[in-house]
Amino acid sequence: MSGIIIQPDHHILILGRTGQGKTYTTKNVFLPALLKQKNNYIVIMDTKGEYRDTTPNVARSPKELNYMLYGDDEPQIEGPTAIRIEVSEPSEALAEEYLRAAWSPFQDVQMGAYTPKFGVRFFLEDAPVFYDSAYLTPPQLKKWITMGRGPQRVLTVTSQRGQLISKTVLCMVEHLFIFRVSEYDGKRVIREYYGDKAAYAVSAIPKYGYVLISDLYDEPLTFDP
């Protein structure tokens, strides 16, 4: 990822079929780079326990997450600036609760008086486990993807299938990292939203490699494994 600039106010979408290197690269390339950003905290919705070795900070409820980020007027975590959420029964309602809890202190959500003092990047790992409609974007997800840049409340979304990702998310991310995807996704998602040039780059991805499509770069960028 050398030479690629991802700012704290940039949204990211990572797509790729199982076994194509998506999770490995996310854990060992993308996440370590993002953890280096100063005054920026990462919250990871970990449905499969794949991020247990990432951080000792674990939130088991939205209330606990809210306190870990905003208790006593500053984050109450130690070590890596990341918090992992253990999820045993994922649902859209649960994801919405955690997104609300990560945005600002609960009392300031109600009063609308919070001025952000640090950034929060929310990792929505395996997004279709929580949100599985390409046409509906629930309120908290919409808030993060459309209103989060200013206060640095941003998303990193991962999925095996692009067709299940909200169109709002597909259209609003600054960076789309694509590993090998299904033929349907290549034709109906990548080509439809990003054009023939992007679709061709994705069709030619080497195994475990990936392509970056971004409005910030004139051409799709291909990374070999």
# chains A, B, ... in the order shown; residues from 1 in each chain; ligands from 1
$ residues_around --residues "Gln140 in chain A" --least-positions-apart "2" --cutoff "8 Å" --atoms "only C-alpha atoms" --output "NGL selection string"
:A and (96 or 99-100 or 138 or 142-144)
$ write_last_selection --atoms "N, CA and C atoms" --output "PDB file, in the first residue's frame"
ATOM      1  N   GLU A  96     -26.832  -1.150  14.338  1.00  0.00           N
ATOM      2  CA  GLU A  96     -27.296   0.227  14.479  1.00  0.00           C
ATOM      3  C   GLU A  96     -27.035   0.752  15.895  1.00  0.00           C
ATOM      4  N   LEU A  99     -23.243   1.439  16.169  1.00  0.00           N
ATOM      5  CA  LEU A  99     -22.865   2.634  15.421  1.00  0.00           C
ATOM      6  C   LEU A  99     -23.267   3.895  16.182  1.00  0.00           C
ATOM      7  N   ARG A 100     -24.439   3.877  16.769  1.00  0.00           N
ATOM      8  CA  ARG A 100     -24.890   5.016  17.564  1.00  0.00           C
ATOM      9  C   ARG A 100     -23.989   5.218  18.781  1.00  0.00           C
ATOM     10  N   PRO A 138     -30.168   1.866   6.541  1.00  0.00           N
ATOM     11  CA  PRO A 138     -30.740   2.260   7.836  1.00  0.00           C
ATOM     12  C   PRO A 138     -30.112   3.544   8.380  1.00  0.00           C
ATOM     13  N   LYS A 142     -26.480   5.193   7.385  1.00  0.00           N
ATOM     14  CA  LYS A 142     -26.542   6.362   6.495  1.00  0.00           C
ATOM     15  C   LYS A 142     -25.828   7.558   7.123  1.00  0.00           C
ATOM     16  N   LYS A 143     -26.017   7.757   8.421  1.00  0.00           N
ATOM     17  CA  LYS A 143     -25.364   8.881   9.099  1.00  0.00           C
ATOM     18  C   LYS A 143     -23.857   8.784   8.989  1.00  0.00           C
ATOM     19  N   TRP A 144     -23.305   7.611   9.246  1.00  0.00           N
ATOM     20  CA  TRP A 144     -21.854   7.438   9.184  1.00  0.00           C
ATOM     21  C   TRP A 144     -21.328   7.676   7.770  1.00  0.00           C
TER      22      TRP A 144
END
$ closest_atom_pairs --of "range 74-125 of chain A" --to "range 34-56 of chain A" --cutoff "8 Å" --atoms "only C-alpha atoms" --output "JSON lines"
{"residue": "A:Gly79", "atom": "CA", "partner": "A:Thr55", "partner_atom": "CA", "distance": 7.7}
{"residue": "A:Pro80", "atom": "CA", "partner": "A:Thr55", "partner_atom": "CA", "distance": 6.1}
{"residue": "A:Thr81", "atom": "CA", "partner": "A:Tyr41", "partner_atom": "CA", "distance": 5.1}
{"residue": "A:Ala82", "atom": "CA", "partner": "A:Ile42", "partner_atom": "CA", "distance": 4.5}
{"residue": "A:Ile83", "atom": "CA", "partner": "A:Val43", "partner_atom": "CA", "distance": 4.8}
{"residue": "A:Arg84", "atom": "CA", "partner": "A:Ile44", "partner_atom": "CA", "distance": 4.8}
{"residue": "A:Ile85", "atom": "CA", "partner": "A:Met45", "partner_atom": "CA", "distance": 4.9}
{"residue": "A:Glu86", "atom": "CA", "partner": "A:Asp46", "partner_atom": "CA", "distance": 5.6}
{"residue": "A:Val87", "atom": "CA", "partner": "A:Thr47", "partner_atom": "CA", "distance": 5.1}
{"residue": "A:Ser88", "atom": "CA", "partner": "A:Thr47", "partner_atom": "CA", "distance": 6.8}
{"residue": "A:Pro90", "atom": "CA", "partner": "A:Thr47", "partner_atom": "CA", "distance": 7.3}
{"residue": "A:Ala102", "atom": "CA", "partner": "A:Val43", "partner_atom": "CA", "distance": 7.9}
{"residue": "A:Phe118", "atom": "CA", "partner": "A:Asn39", "partner_atom": "CA", "distance": 5.3}
{"residue": "A:Gly119", "atom": "CA", "partner": "A:Asn40", "partner_atom": "CA", "distance": 4.4}
{"residue": "A:Val120", "atom": "CA", "partner": "A:Tyr41", "partner_atom": "CA", "distance": 4.8}
{"residue": "A:Arg121", "atom": "CA", "partner": "A:Ile42", "partner_atom": "CA", "distance": 4.7}
{"residue": "A:Phe122", "atom": "CA", "partner": "A:Val43", "partner_atom": "CA", "distance": 4.8}
{"residue": "A:Phe123", "atom": "CA", "partner": "A:Ile44", "partner_atom": "CA", "distance": 4.6}
{"residue": "A:Leu124", "atom": "CA", "partner": "A:Met45", "partner_atom": "CA", "distance": 5.6}
{"residue": "A:Glu125", "atom": "CA", "partner": "A:Met45", "partner_atom": "CA", "distance": 5.8}
$ atom_distance --atom1 "CA of Leu136 in chain A" --atom2 "CA of Val169 in chain A"
10.4 Å
$ closest_atom_pairs --of "range 120-175 of chain A" --to "range 212-225 of chain A" --cutoff "12 Å" --atoms "only C-alpha atoms" --output "CSV"
residue,atom,partner,partner_atom,distance
A:Leu170,CA,A:Ser214,CA,11.4
A:Cys171,CA,A:Asp215,CA,10.5
A:Met172,CA,A:Asp215,CA,10.2
A:Val173,CA,A:Ser214,CA,8.3
A:Glu174,CA,A:Ser214,CA,5.7
A:His175,CA,A:Ser214,CA,4.9
$ residues_around --residues "Glu183 in chain A" --least-positions-apart "5" --cutoff "12 Å" --atoms "only C-alpha atoms" --output "MDAnalysis selection string"
chainID A and resid 16:17 161:163 188:191 199:200 202:203
$ write_last_selection --atoms "N, CA and C atoms" --output "compact mmCIF listing (two decimals), in the first residue's frame"
# COMPACT_ATOMS: atom_id res chain seq x y z
N GLY A 16 -14.23 -9.11 -1.73
CA GLY A 16 -13.47 -10.25 -2.23
C GLY A 16 -14.08 -11.57 -1.80
N ARG A 17 -14.02 -12.56 -2.69
CA ARG A 17 -14.53 -13.88 -2.36
C ARG A 17 -13.69 -14.52 -1.27
N ARG A 161 -19.55 -10.27 -1.10
CA ARG A 161 -20.38 -9.97 -2.27
C ARG A 161 -20.74 -8.49 -2.32
N GLY A 162 -20.43 -7.86 -3.43
CA GLY A 162 -20.76 -6.46 -3.61
C GLY A 162 -22.24 -6.22 -3.80
N GLN A 163 -22.95 -7.21 -4.32
CA GLN A 163 -24.37 -7.02 -4.61
C GLN A 163 -25.22 -6.83 -3.36
N ARG A 188 -22.11 -6.69 -12.73
CA ARG A 188 -23.28 -5.92 -12.32
C ARG A 188 -22.99 -4.90 -11.24
N VAL A 189 -21.86 -5.02 -10.56
CA VAL A 189 -21.54 -4.05 -9.52
C VAL A 189 -20.35 -3.19 -9.95
N ILE A 190 -19.22 -3.83 -10.24
CA ILE A 190 -18.01 -3.05 -10.58
C ILE A 190 -18.21 -2.28 -11.88
N ARG A 191 -18.67 -2.96 -12.92
CA ARG A 191 -18.84 -2.26 -14.20
C ARG A 191 -19.93 -1.19 -14.10
N ALA A 199 -13.72 -2.58 -14.35
CA ALA A 199 -14.14 -3.97 -14.49
C ALA A 199 -13.04 -4.81 -15.13
N TYR A 200 -12.34 -4.26 -16.11
CA TYR A 200 -11.25 -4.99 -16.75
C TYR A 200 -10.11 -5.22 -15.77
N VAL A 202 -10.29 -5.49 -12.56
CA VAL A 202 -10.71 -6.50 -11.59
C VAL A 202 -10.68 -7.90 -12.19
N SER A 203 -11.06 -8.02 -13.46
CA SER A 203 -11.06 -9.34 -14.11
C SER A 203 -9.66 -9.90 -14.28
$ closest_residue --among "A:Tyr98, A:Tyr210, A:Tyr194, A:Trp103" --to "Leu15 in chain A" --atoms "only C-alpha atoms"
A:Tyr210
$ closest_residue --among "A:Tyr131, A:Tyr67, A:Tyr24, A:Tyr114" --to "Ala95 in chain A" --atoms "only C-alpha atoms"
A:Tyr131
$ select_by_dssp --residues "range 132-207 of chain A" --states "alpha helix (DSSP H)" --output "number ranges by chain"
A: 139-147, 167-172, 183-184, 191-194, 196-203
$ select_by_dssp --residues "chain A" --states "strand (DSSP E)" --output "number ranges by chain"
A: 12-15, 40-46, 58-59, 82-86, 119-124, 153-159, 175-178, 210-214, 221-223
$ atom_distance --atom1 "CA of Val58 in chain A" --atom2 "CA of Gly71 in chain A"
14.9 Å
$ atom_distance --atom1 "CA of Glu89 in chain A" --atom2 "CA of Pro105 in chain A"
24.7 Å
